[in-house]
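Listing of query-v4.cif; format and content: mmCIF, C-alpha atoms.
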```
data_protein
loop_
_atom_site.label_atom_id
_atom_site.label_comp_id
_atom_site.auth_asym_id
_atom_site.auth_seq_id
_atom_site.Cartn_x
_atom_site.Cartn_y
_atom_site.Cartn_z
CA MET A 8 3.73 -9.80 62.22
CA ALA A 9 3.44 -12.44 59.51
CA LEU A 10 0.23 -10.77 58.27
CA VAL A 11 2.04 -7.46 57.70
CA GLN A 12 4.79 -9.06 55.58
CA ILE A 13 2.40 -10.71 53.09
CA PRO A 14 0.88 -7.42 51.83
CA GLU A 15 4.37 -5.91 51.62
CA LYS A 16 5.58 -8.89 49.57
CA ILE A 17 2.60 -8.58 47.24
CA ARG A 18 3.15 -4.84 46.92
CA TRP A 19 6.81 -5.44 46.09
CA GLN A 20 5.88 -8.00 43.41
CA GLN A 21 3.28 -5.65 41.97
CA GLU A 22 5.78 -2.76 41.82
CA LEU A 23 8.35 -5.00 40.15
CA SER A 24 5.86 -6.21 37.55
CA GLU A 25 4.80 -2.60 36.83
CA ILE A 26 8.44 -1.57 36.33
CA VAL A 27 9.07 -4.49 33.98
CA PHE A 28 5.85 -3.75 32.08
CA GLU A 29 6.73 -0.05 31.73
CA THR A 30 10.27 -0.86 30.60
CA VAL A 31 9.06 -3.30 27.96
CA ASN A 32 6.50 -0.77 26.70
CA ILE A 33 9.09 2.00 26.53
CA GLU A 34 11.53 -0.21 24.62
CA THR A 35 8.80 -1.36 22.21
CA ASP A 36 7.77 2.26 21.60
CA LYS A 37 11.41 3.21 20.89
CA ILE A 38 11.77 0.36 18.38
CA GLU A 39 8.52 1.31 16.62
CA GLN A 40 9.55 4.97 16.56
CA LYS A 41 12.91 4.10 14.99
CA LYS A 42 11.19 1.88 12.42
CA ARG A 43 8.73 4.64 11.46
CA ALA A 44 11.49 7.26 11.30
CA LYS A 45 13.59 4.99 9.08
CA GLN A 46 10.66 4.36 6.71
CA LYS A 47 9.78 8.05 6.65
CA GLN A 48 13.40 8.97 5.99
CA HIS A 49 13.61 6.34 3.25
CA PHE A 50 10.42 7.68 1.69
CA ASP A 51 11.55 11.31 1.96
CA VAL A 52 14.89 10.55 0.29
CA ASP A 53 13.29 8.56 -2.54
CA GLU A 54 10.26 10.75 -3.10
CA LYS A 55 11.42 14.37 -2.84
CA GLU A 56 11.08 14.97 -6.57
CA SER A 57 8.56 12.19 -7.19
CA ASP A 58 5.05 12.13 -8.58
CA CYS A 59 3.78 9.98 -5.70
CA ILE A 60 0.10 10.69 -5.13
CA LEU A 61 -0.45 8.89 -1.84
CA HIS A 62 1.54 6.67 0.50
CA GLY A 63 0.91 4.85 3.74
CA TYR A 64 0.01 1.56 5.31
CA ILE A 65 -2.77 -0.56 3.89
CA LYS A 66 -3.83 -4.18 4.38
CA LYS A 67 -3.98 -6.63 1.47
CA LEU A 68 -5.83 -9.94 1.47
CA VAL A 69 -3.29 -12.72 0.84
CA GLY A 70 -2.87 -16.43 1.30
CA SER A 71 -3.76 -19.49 -0.70
CA PHE A 72 -7.40 -19.23 0.32
CA ALA A 73 -7.49 -15.43 0.71
CA SER A 74 -7.64 -15.89 4.43
CA LEU A 75 -5.00 -13.53 5.81
CA TRP A 76 -4.62 -9.75 5.96
CA GLN A 77 -1.03 -8.61 5.42
CA THR A 78 0.03 -5.04 6.17
CA LYS A 79 1.87 -3.39 3.27
CA TYR A 80 3.42 0.03 2.81
CA ALA A 81 1.75 1.29 -0.36
CA LYS A 82 2.81 4.05 -2.74
CA LEU A 83 0.40 5.22 -5.41
CA TYR A 84 1.80 6.81 -8.57
CA PRO A 85 -0.11 7.97 -11.65
CA ASN A 86 0.79 4.77 -13.52
CA ARG A 87 1.19 2.14 -10.76
CA LEU A 88 0.56 1.02 -7.21
CA GLU A 89 3.58 -0.28 -5.29
CA LEU A 90 3.00 -2.61 -2.33
CA HIS A 91 6.08 -2.97 -0.13
CA SER A 92 6.36 -5.74 2.46
CA GLU A 93 6.96 -4.69 6.05
CA SER A 94 10.43 -6.25 6.07
CA GLY A 95 11.45 -3.85 3.31
CA ASN A 96 13.98 -6.34 1.93
CA ASN A 97 11.97 -7.60 -1.03
CA LYS A 98 11.13 -5.83 -4.25
CA PRO A 99 7.69 -4.23 -4.13
CA GLU A 100 4.68 -5.83 -5.76
CA LEU A 101 3.76 -3.65 -8.73
CA ILE A 102 0.25 -3.19 -10.04
CA PHE A 103 0.28 -1.13 -13.22
CA MET A 104 -2.80 0.93 -14.04
CA ASP A 105 -2.97 -0.48 -17.57
CA GLN A 106 -3.50 -3.94 -16.00
CA VAL A 107 -6.42 -2.70 -13.89
CA GLU A 108 -9.80 -3.43 -15.44
CA ASP A 109 -11.92 -1.86 -12.72
CA ILE A 110 -11.85 -0.43 -9.22
CA SER A 111 -15.07 -1.05 -7.31
CA SER A 112 -17.19 2.09 -7.15
CA ASP A 113 -18.53 1.09 -3.73
CA PHE A 114 -16.81 -0.65 -0.87
CA ILE A 115 -17.34 -4.38 -0.61
CA VAL A 116 -17.56 -6.18 2.72
CA TYR A 117 -15.11 -9.06 3.03
CA LYS A 118 -14.41 -10.89 6.29
CA GLY A 119 -16.25 -8.14 8.16
CA GLU A 120 -14.06 -5.36 6.70
CA GLN A 121 -14.96 -2.54 4.31
CA CYS A 122 -12.70 -3.14 1.29
CA ILE A 123 -11.60 -1.79 -2.07
CA GLN A 124 -11.73 -4.39 -4.84
CA ILE A 125 -9.38 -4.00 -7.80
CA ARG A 126 -10.03 -6.25 -10.79
CA ILE A 127 -6.93 -6.87 -12.88
CA ASN A 128 -6.06 -8.66 -16.08
CA ASP A 129 -2.40 -9.59 -16.36
CA GLY A 130 -2.67 -13.34 -16.85
CA THR A 131 -0.85 -14.31 -13.66
CA ARG A 132 -3.22 -13.38 -10.84
CA ASP A 133 -6.66 -14.51 -9.80
CA GLY A 134 -8.22 -11.37 -11.20
CA ARG A 135 -8.78 -9.32 -8.09
CA ILE A 136 -6.91 -7.61 -5.29
CA ILE A 137 -8.67 -6.77 -2.03
CA LEU A 138 -7.34 -3.86 0.03
CA THR A 139 -8.55 -2.38 3.30
CA ASN A 140 -7.53 0.13 5.93
CA SER A 141 -8.53 0.14 9.60
CA ASP A 142 -9.15 3.89 9.33
CA GLU A 143 -12.38 4.70 7.44
CA ILE A 144 -11.13 8.11 6.30
CA GLY A 145 -7.87 6.57 5.07
CA LEU A 146 -9.80 3.88 3.19
CA LYS A 147 -11.94 6.52 1.46
CA GLU A 148 -8.82 8.49 0.53
CA TRP A 149 -7.17 5.37 -0.93
CA ALA A 150 -10.33 4.49 -2.89
CA SER A 151 -10.69 8.00 -4.28
CA SER A 152 -7.01 8.28 -5.23
CA LEU A 153 -6.94 4.83 -6.84
CA LYS A 154 -10.04 5.60 -8.92
CA SER A 155 -8.64 8.96 -9.97
CA ALA A 156 -5.23 7.54 -10.95
CA HIS A 157 -6.93 4.73 -12.89
CA LYS A 158 -9.23 7.16 -14.71
CA VAL A 159 -6.37 9.48 -15.71
CA SER A 160 -4.29 6.50 -16.85
CA GLN A 161 -7.15 5.14 -18.95
CA GLU A 162 -7.78 8.55 -20.52
CA LEU A 163 -4.10 8.90 -21.37
CA LEU A 164 -3.92 5.43 -22.88
CA GLY A 165 -7.19 5.97 -24.72
CA SER A 166 -5.99 9.21 -26.28
CA ILE A 167 -3.07 7.45 -27.96
CA ALA A 168 -3.52 4.56 -30.34
CA PHE A 169 -0.50 2.50 -31.36
CA LYS A 170 -0.31 1.09 -34.85
CA HIS A 171 2.56 -1.08 -36.13
CA THR A 172 3.55 -0.61 -39.73
CA GLN A 173 5.31 -3.04 -42.06
CA LYS A 174 8.51 -0.98 -42.27
CA GLY A 175 9.39 -1.33 -38.58
CA HIS A 176 7.95 2.02 -37.58
CA VAL A 177 5.31 2.83 -35.02
CA VAL A 178 2.69 5.40 -35.86
CA LEU A 179 1.32 7.28 -32.87
CA ARG A 180 -2.08 8.75 -33.54
CA SER A 181 -3.88 10.99 -31.10
CA ASN A 182 -7.56 10.11 -31.21
CA LYS A 183 -8.53 13.57 -30.05
CA GLU A 184 -6.44 15.59 -32.49
CA ASN A 185 -5.98 13.08 -35.34
CA VAL A 186 -2.29 13.93 -35.52
CA LYS A 187 0.09 11.30 -36.90
CA LYS A 188 3.75 11.03 -35.98
CA LYS A 189 6.29 8.48 -37.10
CA LEU A 190 8.83 7.16 -34.64
CA SER A 191 11.56 4.61 -35.35
CA VAL A 192 11.51 1.39 -33.39
CA ASN A 193 14.95 0.27 -32.29
#
```

Let me see whether you can do it: turn the structure in this file into structure tokens.
Amino acid sequence: MALVQIPEKIRWQQELSEIVFETVNIETDKIEQKKRAKQKQHFDVDEKESDCILHGYIKKLVGSFASLWQTKYAKLYPNRLELHSESGNNKPELIFMDQVEDISSDFIVYKGEQCIQIRINDGTRDGRIILTNSDEIGLKEWASSLKSAHKVSQELLGSIAFKHTQKGHVVLRSNKENVKKKLSVN
């Protein structure tokens, strides 16, 4: 009779552990679902009339020795890339397209990951930002959209030359049309 009770005790322990495991998984799924719904709702409210090109999760290489991947919620606009921390409490990191010198034409491999390399020149950073995505299709979409936004931004900036005059006016000259306009500087 003692032999029959041992398997029943083990079965009872196994059933209990399965119930606990299932409960924890269900609760974790609910929390993640609420978090995603909140972020989606926040995005939908903010971006209904926006010019946002692409948004989603992406990983950025961070740390004092560029040793850590940090997941960010990124929003790409025609003139900037916003990188939001997962906590959502901080202001986003802004990378303006006029600060971007180059976006790598091919993926680079860094720490075993296919990555997008953005070279910047704003005087405060080390000169490059490394981004990756665990999804290859998503990574290609981010790379394509970043390159396109950067190209359009550079064309727009290149078509307008700013010239300061001695009288406190700014002359805007379109390089393509050679049209001059005077605007007051306040």

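Using only C-alpha atoms, the nearest neighbour of Ser155 in chain A within the list A:Ser112, A:Ser94, A:Asn32, A:Gln21 is A:Ser112.
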
Distance query 12 Å from (-11.5, -14.8, 4.2) using all atoms listed in the file, result as number ranges by chain: A: 67-76, 116-120, 137

Write a file of the just-selected residues containing C-alpha atoms, as a PDB file, keeping the file's coordinate frame.
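Wrote it out as part-v7.pdb, contents follow:
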```pdb
ATOM      1  CA  LYS A  67      -3.980  -6.630   1.470  1.00  0.00           C
ATOM      2  CA  LEU A  68      -5.830  -9.940   1.470  1.00  0.00           C
ATOM      3  CA  VAL A  69      -3.290 -12.720   0.840  1.00  0.00           C
ATOM      4  CA  GLY A  70      -2.870 -16.430   1.300  1.00  0.00           C
ATOM      5  CA  SER A  71      -3.760 -19.490  -0.700  1.00  0.00           C
ATOM      6  CA  PHE A  72      -7.400 -19.230   0.320  1.00  0.00           C
ATOM      7  CA  ALA A  73      -7.490 -15.430   0.710  1.00  0.00           C
ATOM      8  CA  SER A  74      -7.640 -15.890   4.430  1.00  0.00           C
ATOM      9  CA  LEU A  75      -5.000 -13.530   5.810  1.00  0.00           C
ATOM     10  CA  TRP A  76      -4.620  -9.750   5.960  1.00  0.00           C
ATOM     11  CA  VAL A 116     -17.560  -6.180   2.720  1.00  0.00           C
ATOM     12  CA  TYR A 117     -15.110  -9.060   3.030  1.00  0.00           C
ATOM     13  CA  LYS A 118     -14.410 -10.890   6.290  1.00  0.00           C
ATOM     14  CA  GLY A 119     -16.250  -8.140   8.160  1.00  0.00           C
ATOM     15  CA  GLU A 120     -14.060  -5.360   6.700  1.00  0.00           C
ATOM     16  CA  ILE A 137      -8.670  -6.770  -2.030  1.00  0.00           C
TER      17      ILE A 137
END
```

Let me know the centre plus edge lengths, in Å and rounded to one decimal, of a box with edges along x, y and z that contains all listed atoms of range 107-122 of chain A and is padded by 5 Å on every side, as JSON.
```
{"center_x": -12.5, "center_y": -4.4, "center_z": -3.6, "size_x": 22.1, "size_y": 23.0, "size_z": 33.6}
```

Residue with the minimum atom-to-atom distance to Thr78 in chain A, picked from A:Ser151, A:Ser166, A:Thr30, A:Asn140 with only C-alpha atoms counted, is A:Asn140

Hits from the PyMOL selection byres ((chain A and resi 161) around 12), listed as a PyMOL selection string: chain A and resi 85-86+103-109+154-160+162-168

Tell me which of A:Pro14, A:Gly134, A:Gly145, A:Ser152 sits closest to Arg87 in chain A, counting all atoms listed in the file.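 Closest residue, counting all atoms listed in the file: A:Ser152.
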
Would you mind reading off the distance between CA of Ile123 in chain A and CA of Lys98 in chain A, one decimal, in Å? 23.2 Å

Mind pulling up the distance from CA of Ile110 in chain A to CA of Leu153 in chain A?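 Answer for the CA of Leu153 in chain A to CA of Ile110 in chain A separation: 7.6 Å.
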
Could you pull range 41-152 of chain A out of the structure just shown and give C-alpha atoms as an mmCIF file, in the first residue's frame?
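Saved the output as part.cif:
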```cif
data_model
loop_
_atom_site.group_PDB
_atom_site.id
_atom_site.type_symbol
_atom_site.label_atom_id
_atom_site.label_comp_id
_atom_site.auth_asym_id
_atom_site.auth_seq_id
_atom_site.Cartn_x
_atom_site.Cartn_y
_atom_site.Cartn_z
ATOM 1 C CA LYS A 41 -2.198 45.359 -21.131
ATOM 2 C CA LYS A 42 1.235 46.913 -21.688
ATOM 3 C CA ARG A 43 0.989 46.481 -25.466
ATOM 4 C CA ALA A 44 -2.581 47.802 -25.541
ATOM 5 C CA LYS A 45 -1.553 50.848 -23.499
ATOM 6 C CA GLN A 46 1.385 51.585 -25.814
ATOM 7 C CA LYS A 47 -0.776 51.068 -28.898
ATOM 8 C CA GLN A 48 -3.477 53.309 -27.456
ATOM 9 C CA HIS A 49 -0.876 55.941 -26.570
ATOM 10 C CA PHE A 50 0.534 55.754 -30.086
ATOM 11 C CA ASP A 51 -2.901 55.885 -31.714
ATOM 12 C CA VAL A 52 -3.908 58.967 -29.699
ATOM 13 C CA ASP A 53 -0.642 60.797 -30.425
ATOM 14 C CA GLU A 54 -0.241 59.772 -34.039
ATOM 15 C CA LYS A 55 -3.688 59.924 -35.652
ATOM 16 C CA GLU A 56 -2.842 63.031 -37.669
ATOM 17 C CA SER A 57 0.922 62.517 -37.618
ATOM 18 C CA ASP A 58 3.522 62.100 -40.332
ATOM 19 C CA CYS A 59 5.047 59.061 -38.610
ATOM 20 C CA ILE A 60 6.610 56.799 -41.230
ATOM 21 C CA LEU A 61 7.321 53.714 -39.133
ATOM 22 C CA HIS A 62 7.060 52.685 -35.493
ATOM 23 C CA GLY A 63 7.850 49.613 -33.462
ATOM 24 C CA TYR A 64 10.370 47.945 -31.227
ATOM 25 C CA ILE A 65 14.045 47.988 -32.094
ATOM 26 C CA LYS A 66 17.219 47.223 -30.141
ATOM 27 C CA LYS A 67 19.949 49.822 -29.658
ATOM 28 C CA LEU A 68 23.515 49.103 -28.606
ATOM 29 C CA VAL A 69 24.188 50.968 -25.348
ATOM 30 C CA GLY A 70 26.537 50.929 -22.400
ATOM 31 C CA SER A 71 29.907 52.406 -21.642
ATOM 32 C CA PHE A 72 31.653 49.783 -23.760
ATOM 33 C CA ALA A 73 28.794 49.237 -26.234
ATOM 34 C CA SER A 74 28.146 45.900 -24.639
ATOM 35 C CA LEU A 75 24.396 45.818 -24.037
ATOM 36 C CA TRP A 76 21.340 45.698 -26.292
ATOM 37 C CA GLN A 77 18.458 47.809 -24.983
ATOM 38 C CA THR A 78 14.967 47.496 -26.436
ATOM 39 C CA LYS A 79 13.459 50.835 -27.461
ATOM 40 C CA TYR A 80 10.132 51.823 -28.950
ATOM 41 C CA ALA A 81 11.138 53.777 -32.052
ATOM 42 C CA LYS A 82 9.147 56.248 -34.126
ATOM 43 C CA LEU A 83 10.535 57.429 -37.447
ATOM 44 C CA TYR A 84 9.417 60.799 -38.801
ATOM 45 C CA PRO A 85 10.625 62.574 -41.948
ATOM 46 C CA ASN A 86 12.970 64.779 -39.904
ATOM 47 C CA ARG A 87 13.866 62.649 -36.855
ATOM 48 C CA LEU A 88 14.048 59.273 -35.173
ATOM 49 C CA GLU A 89 12.601 59.051 -31.656
ATOM 50 C CA LEU A 90 13.812 56.271 -29.349
ATOM 51 C CA HIS A 91 11.561 55.791 -26.324
ATOM 52 C CA SER A 92 12.682 53.764 -23.313
ATOM 53 C CA GLU A 93 10.501 50.830 -22.307
ATOM 54 C CA SER A 94 9.525 52.514 -19.039
ATOM 55 C CA GLY A 95 7.928 55.324 -21.036
ATOM 56 C CA ASN A 96 8.606 57.827 -18.262
ATOM 57 C CA ASN A 97 11.622 59.554 -19.791
ATOM 58 C CA LYS A 98 11.760 61.921 -22.719
ATOM 59 C CA PRO A 99 12.658 60.133 -25.946
ATOM 60 C CA GLU A 100 16.152 60.224 -27.385
ATOM 61 C CA LEU A 101 15.968 62.325 -30.547
ATOM 62 C CA ILE A 102 18.157 61.805 -33.584
ATOM 63 C CA PHE A 103 17.542 64.534 -36.140
ATOM 64 C CA MET A 104 18.143 63.723 -39.796
ATOM 65 C CA ASP A 105 20.311 66.820 -40.262
ATOM 66 C CA GLN A 106 22.727 65.336 -37.678
ATOM 67 C CA VAL A 107 22.987 62.052 -39.593
ATOM 68 C CA GLU A 108 26.046 61.866 -41.825
ATOM 69 C CA ASP A 109 25.403 58.405 -43.221
ATOM 70 C CA ILE A 110 23.294 55.286 -42.836
ATOM 71 C CA SER A 111 25.169 52.114 -43.761
ATOM 72 C CA SER A 112 24.106 50.847 -47.175
ATOM 73 C CA ASP A 113 24.678 47.237 -46.078
ATOM 74 C CA PHE A 114 24.074 45.601 -42.743
ATOM 75 C CA ILE A 115 27.078 45.287 -40.463
ATOM 76 C CA VAL A 116 27.570 42.326 -38.143
ATOM 77 C CA TYR A 117 28.100 43.327 -34.528
ATOM 78 C CA LYS A 118 28.075 40.863 -31.635
ATOM 79 C CA GLY A 119 26.634 38.238 -33.965
ATOM 80 C CA GLU A 120 23.672 40.419 -34.995
ATOM 81 C CA GLN A 121 22.845 41.984 -38.360
ATOM 82 C CA CYS A 122 22.774 45.738 -37.642
ATOM 83 C CA ILE A 123 22.070 49.156 -39.102
ATOM 84 C CA GLN A 124 24.866 51.649 -38.461
ATOM 85 C CA ILE A 125 24.000 55.349 -38.334
ATOM 86 C CA ARG A 126 26.921 57.777 -38.334
ATOM 87 C CA ILE A 127 26.076 61.111 -36.724
ATOM 88 C CA ASN A 128 27.787 64.412 -36.149
ATOM 89 C CA ASP A 129 26.314 66.424 -33.295
ATOM 90 C CA GLY A 130 29.382 66.895 -31.121
ATOM 91 C CA THR A 131 28.060 64.968 -28.118
ATOM 92 C CA ARG A 132 28.009 61.334 -29.210
ATOM 93 C CA ASP A 133 30.653 58.854 -30.245
ATOM 94 C CA GLY A 134 29.692 59.222 -33.880
ATOM 95 C CA ARG A 135 27.626 56.124 -34.462
ATOM 96 C CA ILE A 136 24.420 54.454 -33.388
ATOM 97 C CA ILE A 137 23.938 50.717 -33.861
ATOM 98 C CA LEU A 138 20.384 49.391 -34.210
ATOM 99 C CA THR A 139 19.088 45.877 -34.767
ATOM 100 C CA ASN A 140 15.859 43.925 -34.823
ATOM 101 C CA SER A 141 15.403 40.222 -34.107
ATOM 102 C CA ASP A 142 13.103 39.998 -37.133
ATOM 103 C CA GLU A 143 15.032 40.120 -40.441
ATOM 104 C CA ILE A 144 12.080 41.561 -42.378
ATOM 105 C CA GLY A 145 11.575 44.242 -39.715
ATOM 106 C CA LEU A 146 15.278 45.109 -39.829
ATOM 107 C CA LYS A 147 15.147 45.513 -43.619
ATOM 108 C CA GLU A 148 12.058 47.717 -43.315
ATOM 109 C CA TRP A 149 13.766 49.918 -40.692
ATOM 110 C CA ALA A 150 16.913 50.205 -42.842
ATOM 111 C CA SER A 151 14.952 51.105 -45.962
ATOM 112 C CA SER A 152 12.764 53.654 -44.158
#
```
